[in-house]
Amino acid sequence: MAKAKNIFFCKECGFESSKWLGQCPGCKQWNTFVEEPVHKKSVSGGTLRGERAEPARLSQVSTTDKTRIHIGIGEFDRVLGGGIVEGSLVLVGGDPGIGKSTLLLQMCKHLVEQEKTVLYISGEESLRQIKMRAERLGEFKGELLLLSETNLDTVEQSIRSVQPKVVIIDSIQTMYKEEIGSAPGSVGQVRETTNTLLGIAKGLGISIFIVGHVTKEGMVAGPRVLEHMVDTVLYFEGDGNMTYRVLRAVKNRFGSTNEIGVFEMKDTGLREVTNPSEYMLEGMPEDESGSVVTCAIEGTRPIMVEAQALICQTNFNLPRRTAAGADYNRVNLLMAVIEKRLGMRMMDCDAYVNVAGGMRITEPALDLAIVAVILSSYRNRALPEKMLVFGEVGLTGEVRAVNQAEQRVAEAEKMGFRACILPKVNMKVISVSKIKLIGISNIKELLEYI
Ligand code: TYD
Ligand code: MG
C-alpha cells in the first residue's frame, strides 16, 4: 500500500507547503504550520446556476435578477448592503460566546415570519438547546427547520431535499467530510466543507451563513482561511464584559465594507442600537478633567465616543502606561509630542488612556482627543461642556485634516453639542453649522481651552 502523503498548511491563511516552515510565506505569521493528510481535491466549480458557458457582453448582463431578502433587522440588513443576496455565502466570525448563534437565530425568526424556508444546522448544540435559546428570543411566528448534524454529506442531502431559501451552518469547525482524513476544524476539513457549501450556494441559489469561531491559539483553523472563498465576511465583535456588540463587514461583494451594525445583548436576545452615539455617551461624567468626547467614523456612520485619561505621578523608575480601545504605540507617540512640543514632563507620569464603552478606535482623528484628554488630566482641568474634539496630530505638533469632518460636526450638532475643536484646514469644507467651530493648526492652541 502506498504510504499516505502528508502536507503542511498554515492555519491562519491556508498556505500549503510540502515541508514544515517556521514562518508562513503567505501571511508572515510564525508557528502556524500544521501537518495534515492530503486528499483528492473536490471539484465544485463549473458554471454557476443559470449562467451560460460562453462569454457574455458586460452591457447585456442584467443585475436586476439578483434579488435580496430583507431580514427586517435594520442594522443587519445595512451591514449586508441592503439584505441577503440570493445564492451568497456569508461567513460570520467572532470569538466563542460573543453571540453569533443568537444573532443568526434571531435572523431566522425574522425570516420565518416572512414565510421563508430556513434550515438551521447546528453541529454544536442539540435540538433542545436550540429550542431553549429560541424561547428566550420570543415566540416564532412561523416554522423553522432544525438539524443537529456534523456530517457534511448528510447536511448536503438535507439541503438538497428541503431546498430552503436560507441555510445556517453553526459552525464550520464542527463539520466534516468522511473522505478527508483530518479532524473537524482542521484546515483541510474547513476548506473542503466550505468548498462544498459554496457549490451548493451557487448551484441552487441558496444563501448560506457559515459561523466560524476565531481562536488565537489551538487547533481550530481560523476563519481567515475561508475569507477569500466566501462572498461576504462579517465579524461579530465586542468586549465579553460589555453588553454591546458590533457586527462589521470586512469583505462584501455586494455592498460597502467597513459598514457596522451595533447591537446590545439583552436577556431576550440582541437588540438593535439605532443611535450608537447616545448609547456610547450614556453615563458620561460632567465637568470632570480627563474626559473628552470625540467622533469616529465607522463605515459610513459617525459614532461619538468618550476618551478618558488618568495622568498621575509615577512611583517607579519606569512609568506605567496603558491604552484600552486606542493604539498603545500611538498614545506613547502622542505623549512624546506633548513632552517635546509643549514642554510638559510626561516621563514621570503614569498614563492610563481609555476609550469608554469598549469601542476600539484606530482612526487618526482620535489623536487630538487623546492629546486633549491627557492635557486635561495633567492640568486637572475640564474642557468646556458639550465640546467635541477631533483631528490628526503630527510629530511637530501640527493638527492635520481628517476625512468626513462635516459628518462628524453634524453628528455633534444632532447630539446637542455646543462647540467643536477641529483642524483648521477642515474648516473650509464645512459650510454652515449651528455649533461654534474652533479651528486649530497646532496643539499649542489647545491649551487655551483646557
Ligand atoms: P451565543 O450566541 O451562544 O454565542 P456564540 O454562538 O458566538 O458562541 O451567545 C452566548 C452568550 O450570549 C451567552 O453568554 C449568553 C448570552 N445570551 C444573552 O445574554 N441573552 C440571550 O437572549 C441569549 C440567547 C444569549
Ligand atoms: Mg454558537
# chains A, B, ... in the order shown; residues from 1 in each chain; ligands from 1

call {"tool": "closest_atom_pairs", "arguments": {"of": "chain A", "to": "ligand 2", "cutoff": "8 Å", "atoms": "only C-alpha atoms and all ligand atoms", "output": "JSON lines"}}
result
{"residue": "A:Pro96", "atom": "CA", "partner": "ligand 2", "partner_atom_place_in_ligand_line": "1 (Mg)", "distance": 6.9}
{"residue": "A:Gly97", "atom": "CA", "partner": "ligand 2", "partner_atom_place_in_ligand_line": "1 (Mg)", "distance": 6.5}
{"residue": "A:Gly99", "atom": "CA", "partner": "ligand 2", "partner_atom_place_in_ligand_line": "1 (Mg)", "distance": 6.7}
{"residue": "A:Lys100", "atom": "CA", "partner": "ligand 2", "partner_atom_place_in_ligand_line": "1 (Mg)", "distance": 5.7}
{"residue": "A:Ser101", "atom": "CA", "partner": "ligand 2", "partner_atom_place_in_ligand_line": "1 (Mg)", "distance": 4.2}
{"residue": "A:Thr102", "atom": "CA", "partner": "ligand 2", "partner_atom_place_in_ligand_line": "1 (Mg)", "distance": 7.2}
{"residue": "A:Glu124", "atom": "CA", "partner": "ligand 2", "partner_atom_place_in_ligand_line": "1 (Mg)", "distance": 7.0}
{"residue": "A:Glu125", "atom": "CA", "partner": "ligand 2", "partner_atom_place_in_ligand_line": "1 (Mg)", "distance": 7.9}
{"residue": "A:Asp170", "atom": "CA", "partner": "ligand 2", "partner_atom_place_in_ligand_line": "1 (Mg)", "distance": 6.5}
{"residue": "A:Ser171", "atom": "CA", "partner": "ligand 2", "partner_atom_place_in_ligand_line": "1 (Mg)", "distance": 7.2}
{"residue": "A:Val211", "atom": "CA", "partner": "ligand 2", "partner_atom_place_in_ligand_line": "1 (Mg)", "distance": 7.8}

call {"tool": "write_last_selection", "arguments": {"atoms": "N, CA and C atoms", "output": "short mmCIF file (atom, residue, chain, number, x, y, z; two decimals), in the first residue's frame"}}
result
data_model
loop_
_atom_site.label_atom_id
_atom_site.label_comp_id
_atom_site.auth_asym_id
_atom_site.auth_seq_id
_atom_site.Cartn_x
_atom_site.Cartn_y
_atom_site.Cartn_z
N PRO A 96 -15.75 32.81 20.52
CA PRO A 96 -16.80 31.95 21.06
C PRO A 96 -17.57 32.69 22.15
N GLY A 97 -18.87 32.54 22.15
CA GLY A 97 -19.71 33.14 23.20
C GLY A 97 -20.08 34.59 22.97
N GLY A 99 -22.06 35.76 20.63
CA GLY A 99 -23.48 35.88 20.26
C GLY A 99 -23.79 35.59 18.80
N LYS A 100 -22.92 34.86 18.14
CA LYS A 100 -23.15 34.56 16.71
C LYS A 100 -24.40 33.72 16.52
N SER A 101 -24.53 32.66 17.34
CA SER A 101 -25.70 31.79 17.20
C SER A 101 -26.98 32.57 17.51
N THR A 102 -26.89 33.42 18.51
CA THR A 102 -28.06 34.22 18.88
C THR A 102 -28.47 35.14 17.74
N GLU A 124 -23.10 22.03 17.02
CA GLU A 124 -22.62 22.30 18.37
C GLU A 124 -23.66 22.06 19.43
N GLU A 125 -24.91 22.28 19.05
CA GLU A 125 -25.95 22.19 20.07
C GLU A 125 -27.01 21.18 19.67
N ASP A 170 -23.80 26.15 11.74
CA ASP A 170 -23.25 26.60 13.02
C ASP A 170 -22.50 25.44 13.68
N SER A 171 -21.25 25.32 13.63
CA SER A 171 -20.29 26.18 12.99
C SER A 171 -19.46 25.36 12.00
N VAL A 211 -20.99 29.99 10.35
CA VAL A 211 -20.43 30.54 11.59
C VAL A 211 -19.00 30.02 11.72
#

call {"tool": "residues_around", "arguments": {"residues": "Gly142 of chain A", "least_positions_apart": "3", "cutoff": "12 Å", "atoms": "only C-alpha atoms", "output": "PyMOL selection string"}}
result
chain A and resi 108-118+139+145

call {"tool": "write_last_selection", "arguments": {"atoms": "N, CA, C and O atoms", "output": "mmCIF file, in the first residue's frame"}}
result
data_model
loop_
_atom_site.group_PDB
_atom_site.id
_atom_site.type_symbol
_atom_site.label_atom_id
_atom_site.label_comp_id
_atom_site.auth_asym_id
_atom_site.auth_seq_id
_atom_site.Cartn_x
_atom_site.Cartn_y
_atom_site.Cartn_z
ATOM 1 N N CYS A 108 -33.225 34.119 11.723
ATOM 2 C CA CYS A 108 -34.161 33.065 11.308
ATOM 3 C C CYS A 108 -35.582 33.427 11.720
ATOM 4 O O CYS A 108 -36.528 33.222 10.977
ATOM 5 N N LYS A 109 -35.698 33.975 12.941
ATOM 6 C CA LYS A 109 -37.007 34.336 13.470
ATOM 7 C C LYS A 109 -37.690 35.339 12.534
ATOM 8 O O LYS A 109 -38.857 35.191 12.196
ATOM 9 N N HIS A 110 -36.917 36.345 12.104
ATOM 10 C CA HIS A 110 -37.483 37.338 11.192
ATOM 11 C C HIS A 110 -37.811 36.730 9.836
ATOM 12 O O HIS A 110 -38.793 37.098 9.214
ATOM 13 N N LEU A 111 -36.962 35.811 9.368
ATOM 14 C CA LEU A 111 -37.173 35.237 8.041
ATOM 15 C C LEU A 111 -38.381 34.312 8.005
ATOM 16 O O LEU A 111 -39.147 34.332 7.044
ATOM 17 N N VAL A 112 -38.555 33.511 9.058
ATOM 18 C CA VAL A 112 -39.704 32.602 9.028
ATOM 19 C C VAL A 112 -41.014 33.370 9.174
ATOM 20 O O VAL A 112 -42.052 32.934 8.680
ATOM 21 N N GLU A 113 -40.939 34.544 9.789
ATOM 22 C CA GLU A 113 -42.133 35.376 9.865
ATOM 23 C C GLU A 113 -42.552 35.868 8.479
ATOM 24 O O GLU A 113 -43.703 36.158 8.235
ATOM 25 N N GLN A 114 -41.566 35.945 7.584
ATOM 26 C CA GLN A 114 -41.876 36.329 6.192
ATOM 27 C C GLN A 114 -42.156 35.096 5.339
ATOM 28 O O GLN A 114 -42.074 35.144 4.116
ATOM 29 N N GLU A 115 -42.390 33.970 5.985
ATOM 30 C CA GLU A 115 -42.695 32.705 5.323
ATOM 31 C C GLU A 115 -41.601 32.208 4.392
ATOM 32 O O GLU A 115 -41.854 31.625 3.353
ATOM 33 N N LYS A 116 -40.361 32.462 4.761
ATOM 34 C CA LYS A 116 -39.227 31.907 4.011
ATOM 35 C C LYS A 116 -38.863 30.558 4.645
ATOM 36 O O LYS A 116 -38.978 30.399 5.863
ATOM 37 N N THR A 117 -38.441 29.619 3.807
ATOM 38 C CA THR A 117 -37.998 28.330 4.351
ATOM 39 C C THR A 117 -36.549 28.473 4.793
ATOM 40 O O THR A 117 -35.686 28.823 3.992
ATOM 41 N N VAL A 118 -36.306 28.242 6.065
ATOM 42 C CA VAL A 118 -34.964 28.410 6.602
ATOM 43 C C VAL A 118 -34.546 27.119 7.315
ATOM 44 O O VAL A 118 -35.316 26.537 8.073
ATOM 45 N N GLU A 139 -41.626 34.403 20.777
ATOM 46 C CA GLU A 139 -42.379 33.434 20.002
ATOM 47 C C GLU A 139 -42.028 33.493 18.516
ATOM 48 O O GLU A 139 -41.937 34.573 17.938
ATOM 49 N N LEU A 145 -36.825 25.096 10.347
ATOM 50 C CA LEU A 145 -36.375 23.712 10.267
ATOM 51 C C LEU A 145 -35.012 23.590 10.937
ATOM 52 O O LEU A 145 -34.111 24.383 10.659
#

call {"tool": "select_by_dssp", "arguments": {"residues": "segment 263-405 of chain A", "states": "alpha helix (DSSP H)", "output": "MDAnalysis selection string"}}
result
chainID A and resid 276:281 328:342 367:379 405

call {"tool": "residues_near_ligand", "arguments": {"ligand": "ligand 1", "cutoff": "9 Å", "atoms": "only C-alpha atoms and all ligand atoms", "output": "count of residues only"}}
result
34

call {"tool": "residues_around", "arguments": {"residues": "Ser377 of chain A", "least_positions_apart": "6", "cutoff": "6 Å", "atoms": "only C-alpha atoms", "output": "tab-separated table (two decimals) with all heavy atoms, in the first residue's frame"}}
result
chain	number	residue	atom	x	y	z
A	289	SER	N	-12.20	66.51	34.76
A	289	SER	CA	-10.98	66.50	33.96
A	289	SER	C	-10.73	65.08	33.47
A	289	SER	O	-11.21	64.11	34.05
A	289	SER	CB	-9.81	66.98	34.80
A	289	SER	OG	-9.54	66.02	35.80
A	290	GLY	N	-9.99	65.00	32.37
A	290	GLY	CA	-9.66	63.66	31.85
A	290	GLY	C	-10.77	62.98	31.11
A	290	GLY	O	-10.80	61.76	31.03
A	310	LEU	N	-6.09	59.20	32.65
A	310	LEU	CA	-5.72	59.46	34.03
A	310	LEU	C	-4.20	59.57	34.05
A	310	LEU	O	-3.50	58.63	33.71
A	310	LEU	CB	-6.21	58.30	34.92
A	310	LEU	CG	-6.05	58.51	36.40
A	310	LEU	CD1	-6.96	59.63	36.88
A	310	LEU	CD2	-6.39	57.24	37.14
A	311	ILE	N	-3.73	60.77	34.38
A	311	ILE	CA	-2.29	61.00	34.40
A	311	ILE	C	-1.90	61.24	35.85
A	311	ILE	O	-2.47	62.12	36.50
A	311	ILE	CB	-1.91	62.25	33.57
A	311	ILE	CG1	-2.53	62.18	32.17
A	311	ILE	CG2	-0.41	62.47	33.52
A	311	ILE	CD1	-1.95	61.16	31.25

call {"tool": "atom_distance", "arguments": {"atom1": "atom CA of Leu395 of chain A", "atom2": "atom CA of Asn442 of chain A"}}
result
10.6 Å
